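Here is the file start05.cif (mmCIF, C-alpha atoms).
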```cif
data_final
#
loop_
_atom_site.label_atom_id
_atom_site.label_comp_id
_atom_site.auth_asym_id
_atom_site.auth_seq_id
_atom_site.Cartn_x
_atom_site.Cartn_y
_atom_site.Cartn_z
CA MET Y 29 82.36 30.97 140.14
CA GLN Y 30 82.75 29.35 136.70
CA ALA Y 31 81.52 26.02 138.06
CA ASN Y 32 78.30 27.69 139.28
CA ILE Y 33 77.64 29.62 136.07
CA THR Y 34 78.18 26.82 133.55
CA PRO Y 35 75.31 24.53 134.71
CA THR Y 36 72.91 27.47 134.70
CA ILE Y 37 73.79 28.37 131.12
CA ALA Y 38 73.60 24.73 130.11
CA ALA Y 39 70.12 24.42 131.58
CA VAL Y 40 68.89 27.21 129.33
CA THR Y 41 70.82 26.73 126.10
CA GLY Y 42 71.42 23.01 126.17
CA ASN Y 43 75.25 23.54 125.87
CA THR Y 44 77.85 22.17 128.26
CA THR Y 45 81.57 22.92 128.55
CA MET Y 46 84.21 20.23 128.91
CA ASN Y 47 87.90 21.14 129.01
CA GLY Y 48 87.18 24.47 127.37
CA THR Y 49 85.26 22.90 124.47
CA ASP Y 50 81.57 23.55 123.95
CA ILE Y 51 79.49 20.42 123.53
CA ILE Y 52 76.02 21.02 122.11
CA VAL Y 53 73.32 18.97 123.78
CA PRO Y 54 69.79 18.98 122.24
CA SER Y 55 67.55 21.19 124.36
CA ARG Y 56 64.30 19.85 125.81
CA MET Y 57 62.48 23.17 125.56
CA PRO Y 58 60.70 22.46 122.22
CA ARG Y 59 59.52 19.13 123.57
CA GLU Y 60 58.19 20.79 126.72
CA ALA Y 61 56.43 23.41 124.59
CA ASP Y 62 54.77 20.66 122.55
CA SER Y 63 53.69 18.96 125.75
CA ASN Y 64 52.13 22.17 127.07
CA SER Y 65 50.29 22.65 123.77
CA VAL Y 66 48.88 19.12 123.94
CA ASN Y 67 47.79 19.63 127.54
CA PHE Y 68 46.06 22.87 126.55
CA TYR Y 69 43.98 21.20 123.84
CA ILE Y 70 43.19 18.23 126.08
CA GLY Y 71 41.90 20.62 128.74
CA LEU Y 72 39.94 22.61 126.14
CA THR Y 73 38.30 19.42 124.82
CA LEU Y 74 37.41 18.23 128.33
CA ALA Y 75 35.93 21.65 129.19
CA ILE Y 76 33.75 21.66 126.05
CA LEU Y 77 32.57 18.10 126.72
CA SER Y 78 31.76 19.17 130.27
CA THR Y 79 29.50 22.01 129.10
CA ILE Y 80 27.66 19.69 126.70
CA PHE Y 81 26.96 17.03 129.33
CA ILE Y 82 25.99 19.56 132.03
CA GLY Y 83 23.72 21.54 129.71
CA ALA Y 84 22.04 18.36 128.49
CA SER Y 85 21.52 17.11 132.06
CA PHE Y 86 19.14 19.98 132.87
CA VAL Y 87 16.96 19.19 129.87
CA ILE Y 88 16.95 15.43 130.45
CA LYS Y 89 15.97 15.80 134.11
CA LYS Y 90 13.29 18.34 133.21
CA LYS Y 91 11.90 15.86 130.67
CA ALA Y 92 11.75 13.20 133.39
CA LEU Y 93 10.04 15.57 135.84
CA ILE Y 94 7.40 16.49 133.26
CA LYS Y 95 6.72 12.81 132.67
CA LEU Y 96 6.40 12.11 136.40
CA SER Y 97 4.07 15.08 136.98
CA GLN Y 98 1.35 13.25 135.03
CA TYR Y 99 0.94 10.40 137.48
CA GLY Y 100 2.81 11.18 140.71
CA THR Y 101 3.65 13.81 143.29
CA ARG Y 102 5.67 16.55 141.68
CA ALA Y 103 9.17 17.35 142.91
CA GLY Y 104 8.05 20.95 143.45
CA GLU Y 105 5.54 19.63 145.99
CA GLY Y 106 8.09 17.55 147.86
CA GLY Y 107 7.77 14.28 145.90
CA TYR Y 108 10.73 11.98 145.24
CA GLY Y 109 9.24 9.76 142.56
CA TYR Y 110 11.93 10.90 140.14
CA LEU Y 111 14.34 8.54 141.92
CA LYS Y 112 12.45 5.65 140.27
CA GLU Y 113 12.57 7.18 136.79
CA TRP Y 114 15.43 5.98 134.55
CA LEU Y 115 15.33 9.19 132.49
CA TRP Y 116 16.05 11.29 135.58
CA TRP Y 117 19.01 9.07 136.41
CA ALA Y 118 20.25 9.52 132.85
CA GLY Y 119 20.25 13.28 133.47
CA PHE Y 120 21.93 12.74 136.84
CA PHE Y 121 24.75 10.69 135.33
CA SER Y 122 25.05 13.20 132.51
CA LEU Y 123 25.65 15.87 135.14
CA GLY Y 124 28.13 13.58 136.88
CA PHE Y 125 30.07 12.99 133.66
CA GLY Y 126 30.08 16.72 132.99
CA GLU Y 127 31.43 17.57 136.43
CA THR Y 128 34.06 14.82 136.09
CA PHE Y 129 35.23 16.23 132.76
CA ASN Y 130 35.24 19.71 134.28
CA PHE Y 131 37.34 18.54 137.23
CA ALA Y 132 39.79 16.79 134.90
CA ALA Y 133 40.05 19.85 132.65
CA TYR Y 134 41.63 21.85 135.48
CA ALA Y 135 44.55 19.40 135.50
CA PHE Y 136 45.45 20.23 131.89
CA ALA Y 137 44.29 23.80 131.17
CA PRO Y 138 44.35 27.04 133.19
CA ALA Y 139 41.31 27.95 135.26
CA THR Y 140 40.92 31.20 133.31
CA LEU Y 141 40.02 29.05 130.31
CA VAL Y 142 38.00 26.24 131.93
CA THR Y 143 35.74 28.23 134.25
CA PRO Y 144 34.38 30.76 131.71
CA LEU Y 145 33.65 27.90 129.30
CA GLY Y 146 31.18 26.60 131.89
CA ALA Y 147 28.87 29.36 130.70
CA LEU Y 148 28.39 27.47 127.44
CA SER Y 149 26.24 24.96 129.34
CA VAL Y 150 23.60 27.72 129.56
CA LEU Y 151 23.51 28.03 125.78
CA VAL Y 152 23.45 24.24 125.34
CA SER Y 153 20.51 23.97 127.72
CA ALA Y 154 18.61 26.82 126.05
CA VAL Y 155 19.04 25.35 122.57
CA MET Y 156 18.08 21.84 123.66
CA SER Y 157 15.05 23.16 125.60
CA SER Y 158 13.67 24.80 122.47
CA TYR Y 159 13.85 21.48 120.60
CA PHE Y 160 12.96 18.87 123.22
CA LEU Y 161 10.81 20.81 125.73
CA ARG Y 162 9.14 23.31 123.38
CA GLU Y 163 10.11 26.15 125.71
CA ARG Y 164 10.48 29.65 124.29
CA LEU Y 165 12.76 32.42 125.45
CA ASN Y 166 11.78 35.93 124.36
CA LEU Y 167 14.19 38.62 123.21
CA HIS Y 168 14.54 40.08 126.70
CA GLY Y 169 15.43 36.65 128.04
CA LYS Y 170 18.02 36.04 125.33
CA ILE Y 171 19.67 39.40 125.99
CA GLY Y 172 19.55 38.75 129.73
CA CYS Y 173 21.06 35.32 129.23
CA MET Y 174 23.96 36.73 127.23
CA LEU Y 175 24.52 39.53 129.75
CA SER Y 176 24.53 37.03 132.60
CA ILE Y 177 27.12 34.90 130.83
CA LEU Y 178 29.20 37.96 129.97
CA GLY Y 179 29.10 39.26 133.54
CA SER Y 180 30.04 35.88 134.99
CA THR Y 181 32.94 35.58 132.56
CA VAL Y 182 34.21 39.05 133.47
CA MET Y 183 34.04 38.15 137.18
CA VAL Y 184 36.00 34.95 136.62
CA ILE Y 185 38.66 36.70 134.52
CA HIS Y 186 39.22 39.35 137.17
CA ALA Y 187 38.97 36.95 140.11
CA PRO Y 188 42.29 36.59 141.98
CA ALA Y 189 44.40 33.49 141.53
CA GLU Y 190 43.84 30.67 144.00
CA ALA Y 191 46.44 30.20 146.71
CA GLU Y 192 48.33 26.92 146.51
CA VAL Y 193 47.39 24.38 149.18
CA THR Y 194 49.54 21.25 149.22
CA ASN Y 195 48.23 19.26 152.20
CA LEU Y 196 45.27 18.81 154.52
CA ASN Y 197 47.07 20.32 157.49
CA THR Y 198 47.28 23.67 155.71
CA LEU Y 199 43.65 23.41 154.61
CA SER Y 200 42.51 22.58 158.16
CA GLN Y 201 44.05 25.81 159.41
CA MET Y 202 42.22 27.77 156.70
CA LEU Y 203 38.88 26.13 157.49
CA ILE Y 204 38.89 27.26 161.14
CA GLU Y 205 39.75 30.88 160.43
CA PRO Y 206 37.04 33.39 161.50
CA ALA Y 207 36.33 34.71 157.97
CA PHE Y 208 35.40 31.32 156.49
CA ILE Y 209 33.55 30.18 159.61
CA THR Y 210 31.49 33.38 159.45
CA TYR Y 211 30.71 32.77 155.78
CA GLY Y 212 29.68 29.18 156.46
CA VAL Y 213 27.43 30.14 159.38
CA ILE Y 214 25.75 32.92 157.36
CA VAL Y 215 25.15 30.57 154.41
CA VAL Y 216 23.65 27.87 156.65
CA ILE Y 217 21.39 30.32 158.53
CA ILE Y 218 20.10 32.00 155.36
CA SER Y 219 19.54 28.62 153.72
CA LEU Y 220 17.55 27.34 156.72
CA VAL Y 221 15.39 30.47 156.71
CA LEU Y 222 14.72 30.04 152.99
CA ILE Y 223 13.98 26.32 153.39
CA PHE Y 224 11.60 26.49 156.34
CA TYR Y 225 10.01 29.94 156.03
CA TYR Y 226 10.22 31.51 152.56
CA GLY Y 227 10.32 28.26 150.60
CA PRO Y 228 6.84 26.98 151.59
CA LYS Y 229 5.32 30.43 151.05
CA TYR Y 230 7.02 31.79 147.95
CA GLY Y 231 9.00 28.88 146.48
CA LYS Y 232 6.40 28.15 143.78
CA THR Y 233 6.16 31.77 142.61
CA ASN Y 234 9.66 33.19 143.12
CA ILE Y 235 12.40 31.41 141.19
CA LEU Y 236 15.18 32.93 143.28
CA ILE Y 237 14.20 31.05 146.47
CA TYR Y 238 15.16 27.54 145.38
CA ILE Y 239 18.04 28.78 143.21
CA ALA Y 240 19.55 30.69 146.14
CA ILE Y 241 19.36 27.61 148.37
CA CYS Y 242 21.13 25.24 145.98
CA SER Y 243 23.68 27.91 144.98
CA MET Y 244 24.72 28.83 148.52
CA ILE Y 245 24.85 25.22 149.70
CA GLY Y 246 26.58 24.36 146.43
CA SER Y 247 29.42 26.76 147.23
CA LEU Y 248 30.11 24.77 150.41
CA SER Y 249 29.95 21.50 148.47
CA VAL Y 250 32.63 22.77 146.05
CA MET Y 251 34.92 23.68 148.96
CA ALA Y 252 34.37 20.20 150.44
CA CYS Y 253 34.99 18.59 147.05
CA LYS Y 254 38.27 20.45 146.59
CA GLY Y 255 39.39 19.44 150.07
CA LEU Y 256 38.42 15.82 149.44
CA GLY Y 257 40.34 15.88 146.17
CA LEU Y 258 43.40 17.15 148.03
CA SER Y 259 43.04 14.29 150.52
CA LEU Y 260 42.85 11.69 147.74
CA LYS Y 261 45.83 13.26 145.98
CA GLN Y 262 47.92 12.94 149.15
CA THR Y 263 46.72 9.37 149.69
CA PHE Y 264 47.62 8.27 146.15
CA GLY Y 265 50.96 10.02 146.59
CA GLY Y 266 51.86 7.74 149.50
CA ASP Y 267 50.69 9.91 152.40
CA ASN Y 268 47.59 8.06 153.66
CA GLN Y 269 44.85 10.51 154.70
CA LEU Y 270 42.04 7.99 155.09
CA THR Y 271 42.70 7.91 158.83
CA ASN Y 272 42.40 11.69 159.04
CA LEU Y 273 39.07 12.76 160.55
CA LEU Y 274 39.02 15.82 158.30
CA THR Y 275 38.76 13.56 155.23
CA TRP Y 276 35.59 11.91 156.52
CA PHE Y 277 34.18 15.25 157.66
CA LEU Y 278 34.68 16.63 154.16
CA LEU Y 279 33.06 13.53 152.65
CA ALA Y 280 30.02 13.78 154.96
CA SER Y 281 29.71 17.51 154.24
CA LEU Y 282 29.90 16.87 150.50
CA VAL Y 283 27.16 14.23 150.60
CA ALA Y 284 24.86 16.42 152.73
CA CYS Y 285 25.39 19.55 150.62
CA VAL Y 286 24.94 17.75 147.29
CA THR Y 287 21.73 16.11 148.57
CA VAL Y 288 20.21 19.47 149.51
CA GLN Y 289 21.53 21.10 146.34
CA MET Y 290 20.02 18.47 144.00
CA ASN Y 291 16.70 18.42 145.88
CA TYR Y 292 16.01 22.13 145.47
CA LEU Y 293 17.44 22.28 141.97
CA ASN Y 294 14.93 19.58 140.99
CA ARG Y 295 12.11 21.62 142.53
CA ALA Y 296 13.16 24.71 140.57
CA LEU Y 297 13.35 22.72 137.32
CA ASP Y 298 9.93 21.18 137.96
CA ILE Y 299 8.18 24.51 138.55
CA PHE Y 300 9.96 27.03 136.32
CA ASN Y 301 11.13 27.27 132.73
CA THR Y 302 14.47 25.50 132.14
CA SER Y 303 15.74 28.34 129.94
CA ILE Y 304 15.38 30.65 132.96
CA VAL Y 305 16.49 28.26 135.71
CA THR Y 306 19.75 27.32 134.00
CA PRO Y 307 21.32 30.78 133.53
CA ILE Y 308 20.15 32.08 136.91
CA TYR Y 309 21.51 28.98 138.63
CA TYR Y 310 24.81 29.33 136.78
CA VAL Y 311 25.15 32.99 137.75
CA PHE Y 312 24.31 32.49 141.42
CA PHE Y 313 26.36 29.31 141.75
CA THR Y 314 29.44 30.87 140.10
CA THR Y 315 29.18 34.00 142.24
CA PHE Y 316 28.92 32.09 145.53
CA VAL Y 317 31.72 29.68 144.59
CA ILE Y 318 34.07 32.56 143.73
CA SER Y 319 33.12 34.30 146.98
CA ALA Y 320 33.67 31.19 149.11
CA SER Y 321 36.98 30.43 147.40
CA ALA Y 322 38.18 34.02 147.82
CA ILE Y 323 37.35 33.95 151.54
CA LEU Y 324 38.87 30.53 152.17
CA TYR Y 325 42.10 31.12 150.24
CA LYS Y 326 42.32 34.91 150.86
CA GLU Y 327 42.83 35.80 147.21
CA TRP Y 328 41.03 39.12 147.81
CA GLU Y 329 44.17 40.43 149.56
CA LEU Y 330 46.04 40.21 146.24
CA MET Y 331 43.41 41.93 144.09
CA THR Y 332 44.51 45.00 142.14
CA PRO Y 333 42.22 48.03 141.61
CA LYS Y 334 41.69 46.87 138.02
CA ASP Y 335 40.47 43.48 139.22
CA ILE Y 336 38.19 45.07 141.81
CA ILE Y 337 36.59 47.30 139.16
CA GLY Y 338 36.27 44.34 136.79
CA THR Y 339 34.63 42.19 139.46
CA LEU Y 340 32.11 44.91 140.38
CA SER Y 341 31.35 45.55 136.70
CA GLY Y 342 30.77 41.86 136.12
CA PHE Y 343 28.48 41.61 139.12
CA LEU Y 344 26.37 44.61 138.00
CA THR Y 345 26.12 43.08 134.52
CA ILE Y 346 24.86 39.85 136.10
CA VAL Y 347 22.25 41.73 138.13
CA PHE Y 348 20.95 43.50 135.01
CA GLY Y 349 20.87 40.25 133.08
CA ILE Y 350 18.86 38.54 135.82
CA PHE Y 351 16.44 41.48 135.83
CA LEU Y 352 15.79 41.08 132.11
CA LEU Y 353 15.35 37.34 132.50
CA HIS Y 354 12.91 37.56 135.39
CA ALA Y 355 10.98 40.79 134.87
CA PHE Y 356 9.88 40.26 131.25
CA LYS Y 357 9.64 36.47 131.03
CA ASP Y 358 5.86 36.61 130.32
CA VAL Y 359 6.09 39.17 127.50
CA ASN Y 360 5.89 37.77 123.96
CA PHE Y 361 8.58 39.97 122.45
CA SER Y 362 10.92 38.85 119.66
CA LEU Y 363 12.84 40.21 116.69
CA SER Y 364 9.92 39.41 114.39
CA ASN Y 365 7.58 41.91 116.09
CA LEU Y 366 10.30 44.47 116.87
CA PRO Y 367 9.25 46.77 113.96
CA THR Y 368 5.76 46.93 115.44
CA PHE Y 369 7.15 48.10 118.75
CA MET Y 370 9.19 50.77 116.98
CA ARG Y 371 6.04 52.53 115.70
CA ARG Y 372 5.07 54.86 118.49
CA ASP Y 373 2.06 56.33 116.69
CA GLU Y 374 -0.02 53.18 117.08
CA PRO Y 375 -1.13 51.42 120.25
CA LYS Y 376 0.32 47.94 120.59
CA GLU Y 377 -0.92 44.87 122.34
CA ILE Y 378 1.47 42.55 124.12
CA HIS Y 379 0.42 38.92 124.42
CA LEU Y 380 1.30 37.43 127.78
CA SER Y 381 2.03 33.80 128.47
CA ASN Y 382 -1.26 33.39 130.35
CA GLY Y 383 -3.27 34.29 127.24
CA SER Y 384 -4.21 37.84 128.24
CA THR Y 385 -3.15 41.03 126.47
CA THR Y 386 -2.04 44.42 127.65
CA SER Y 387 -1.56 47.69 125.81
CA LEU Y 388 1.82 49.33 125.37
CA LEU Y 389 2.57 52.99 124.61
CA GLN Y 390 -1.06 53.93 124.92
CA ASP Y 391 -2.16 56.78 127.18
CA PRO Y 392 -4.57 55.77 129.93
CA PRO Y 393 -8.16 57.01 129.57
CA SER Y 394 -9.06 60.29 131.23
CA GLU Y 395 -11.70 60.60 133.96
CA GLU Y 396 -14.20 62.06 131.44
CA GLU Y 397 -13.72 59.12 129.12
CA VAL Y 398 -14.23 56.71 131.99
CA VAL Y 399 -17.52 58.46 132.93
CA ARG Y 400 -18.71 58.23 129.33
#
```
Would you mind writing the file out in structure tokens?
Amino acid sequence: MQANITPTIAAVTGNTTMNGTDIIVPSRMPREADSNSVNFYIGLTLAILSTIFIGASFVIKKKALIKLSQYGTRAGEGGYGYLKEWLWWAGFFSLGFGETFNFAAYAFAPATLVTPLGALSVLVSAVMSSYFLRERLNLHGKIGCMLSILGSTVMVIHAPAEAEVTNLNTLSQMLIEPAFITYGVIVVIISLVLIFYYGPKYGKTNILIYIAICSMIGSLSVMACKGLGLSLKQTFGGDNQLTNLLTWFLLASLVACVTVQMNYLNRALDIFNTSIVTPIYYVFFTTFVISASAILYKEWELMTPKDIIGTLSGFLTIVFGIFLLHAFKDVNFSLSNLPTFMRRDEPKEIHLSNGSTTSLLQDPPSEEEVVR
């Protein structure tokens, strides 16, 4: 019994016993604590760099699309001239660097830190758009943007922890389970309906069409990317997975999904305001990724009532934020004219983005007044 207890105590305290005499051995716990602290700050730095590069990529690509719209077929009309524009590729590589930093951040810092920080890319994009694209976001939009970020952060915080998957064989069993297959089929069917029916009719007037397509397909691309990363990790660890058909299936799925995702994201950026596209895309993309991950790894079975309430509260906050962003985007309303809106004894005129005006808090004329 003594022989079993002594090593356990020594592992914790750093002391060993030899012939009844205690020998003090320096413990490695402070060194491990310092290492964890360094890893935390490395992950935090990578996550912040990721948000800067991703937020900037939206603005750079939008700048390229505006330039191309002057002498070529616009991306919103199905054109692909942006592939010949170096500025668009600069935005593309900026996005690639951002996603790379984001992927690396997960290796050093916890997901509960890295994922919510992704919301900062929305703020980076909004600030850069006001300087480089001359786009304005009214007070409703700013409040909606903050609510969307807050709701997404609450959902991520209360999302269940991801189940540990150590090899492709385990992942292959998860991929063929009915729940995830059903999710994948529903996503593909809805995306095809949006692409071939609703997209041509309403894609240029409803921002949610193109955003929904790239967000739903994007959730599948993230699952493929995580599986491909697992395959590469096993391969570099000595277990070659390059001969596994699942590796190449994941690679082909990733390429196809990213192609569709980038195509419709470019269309949305070309047609709509970047300050609106970015937060809506972030909200939808985050929601679908969390949903796909929860279904694939079955984290929802481990959710507590507190997490369920937090997730629902976050989702409702997101919905309200999107409503503010989308419903009042044409109203010229800011803090500077807020005192005017507070005076209810005077009729007010709201200037819309199309140059027209409408009256607020003014009773409609009666039938007698109309006759006169």
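The interatomic distance for the pair atom CA of Y:Ile235 and atom CA of Y:Val250 works out to 22.5 Å.
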Reference answer for the PyMOL selection byres ((chain Y and resi 166) around 6), as a list in words: Leu165, Leu167, His168, Gly169, Phe361 and Ser362 of chain Y
Point-to-point distance from atom CA of Y:Ser321 to atom CA of Y:Ile245, Å rounded to tenths: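 Atom CA of Y:Ile245 lies at a distance of 13.4 Å from atom CA of Y:Ser321.
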Picked residues, the PyMOL selection byres ((chain Y and resi 281-296) around 9), expected as a ChimeraX atom specification: /Y:89-90,93,102-106,108,231-232,235-239,241-253,256,276-280,297-302,305,309
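From atom CA of Y:Phe120 back to atom CA of Y:Ala92, the distance works out to 10.8 Å.
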Generate N, CA and C atoms for stretch 279-292 of chain Y and emit them as a PDB file, in the frame of the given file.
```pdb
ATOM      1  N   LEU Y 279      33.906  14.437 153.414  1.00  0.00           N
ATOM      2  CA  LEU Y 279      33.060  13.530 152.650  1.00  0.00           C
ATOM      3  C   LEU Y 279      31.602  13.638 153.107  1.00  0.00           C
ATOM      4  N   ALA Y 280      31.379  13.657 154.430  1.00  0.00           N
ATOM      5  CA  ALA Y 280      30.020  13.780 154.960  1.00  0.00           C
ATOM      6  C   ALA Y 280      29.410  15.126 154.567  1.00  0.00           C
ATOM      7  N   SER Y 281      30.199  16.189 154.625  1.00  0.00           N
ATOM      8  CA  SER Y 281      29.710  17.510 154.240  1.00  0.00           C
ATOM      9  C   SER Y 281      29.348  17.550 152.757  1.00  0.00           C
ATOM     10  N   LEU Y 282      30.165  16.899 151.938  1.00  0.00           N
ATOM     11  CA  LEU Y 282      29.900  16.870 150.500  1.00  0.00           C
ATOM     12  C   LEU Y 282      28.591  16.145 150.201  1.00  0.00           C
ATOM     13  N   VAL Y 283      28.381  14.996 150.834  1.00  0.00           N
ATOM     14  CA  VAL Y 283      27.160  14.230 150.600  1.00  0.00           C
ATOM     15  C   VAL Y 283      25.928  15.020 151.037  1.00  0.00           C
ATOM     16  N   ALA Y 284      25.999  15.642 152.219  1.00  0.00           N
ATOM     17  CA  ALA Y 284      24.860  16.420 152.730  1.00  0.00           C
ATOM     18  C   ALA Y 284      24.567  17.615 151.842  1.00  0.00           C
ATOM     19  N   CYS Y 285      25.599  18.347 151.446  1.00  0.00           N
ATOM     20  CA  CYS Y 285      25.390  19.550 150.620  1.00  0.00           C
ATOM     21  C   CYS Y 285      24.852  19.193 149.238  1.00  0.00           C
ATOM     22  N   VAL Y 286      25.402  18.145 148.620  1.00  0.00           N
ATOM     23  CA  VAL Y 286      24.940  17.750 147.290  1.00  0.00           C
ATOM     24  C   VAL Y 286      23.491  17.276 147.339  1.00  0.00           C
ATOM     25  N   THR Y 287      23.110  16.572 148.423  1.00  0.00           N
ATOM     26  CA  THR Y 287      21.730  16.110 148.570  1.00  0.00           C
ATOM     27  C   THR Y 287      20.757  17.276 148.605  1.00  0.00           C
ATOM     28  N   VAL Y 288      21.068  18.285 149.425  1.00  0.00           N
ATOM     29  CA  VAL Y 288      20.210  19.470 149.510  1.00  0.00           C
ATOM     30  C   VAL Y 288      20.218  20.226 148.185  1.00  0.00           C
ATOM     31  N   GLN Y 289      21.381  20.363 147.594  1.00  0.00           N
ATOM     32  CA  GLN Y 289      21.530  21.100 146.340  1.00  0.00           C
ATOM     33  C   GLN Y 289      20.689  20.470 145.231  1.00  0.00           C
ATOM     34  N   MET Y 290      20.766  19.142 145.062  1.00  0.00           N
ATOM     35  CA  MET Y 290      20.020  18.470 144.000  1.00  0.00           C
ATOM     36  C   MET Y 290      18.520  18.498 144.267  1.00  0.00           C
ATOM     37  N   ASN Y 291      18.125  18.411 145.533  1.00  0.00           N
ATOM     38  CA  ASN Y 291      16.700  18.420 145.880  1.00  0.00           C
ATOM     39  C   ASN Y 291      16.032  19.718 145.441  1.00  0.00           C
ATOM     40  N   TYR Y 292      16.635  20.844 145.786  1.00  0.00           N
ATOM     41  CA  TYR Y 292      16.010  22.130 145.470  1.00  0.00           C
ATOM     42  C   TYR Y 292      16.238  22.547 144.020  1.00  0.00           C
TER      43      TYR Y 292
END
```
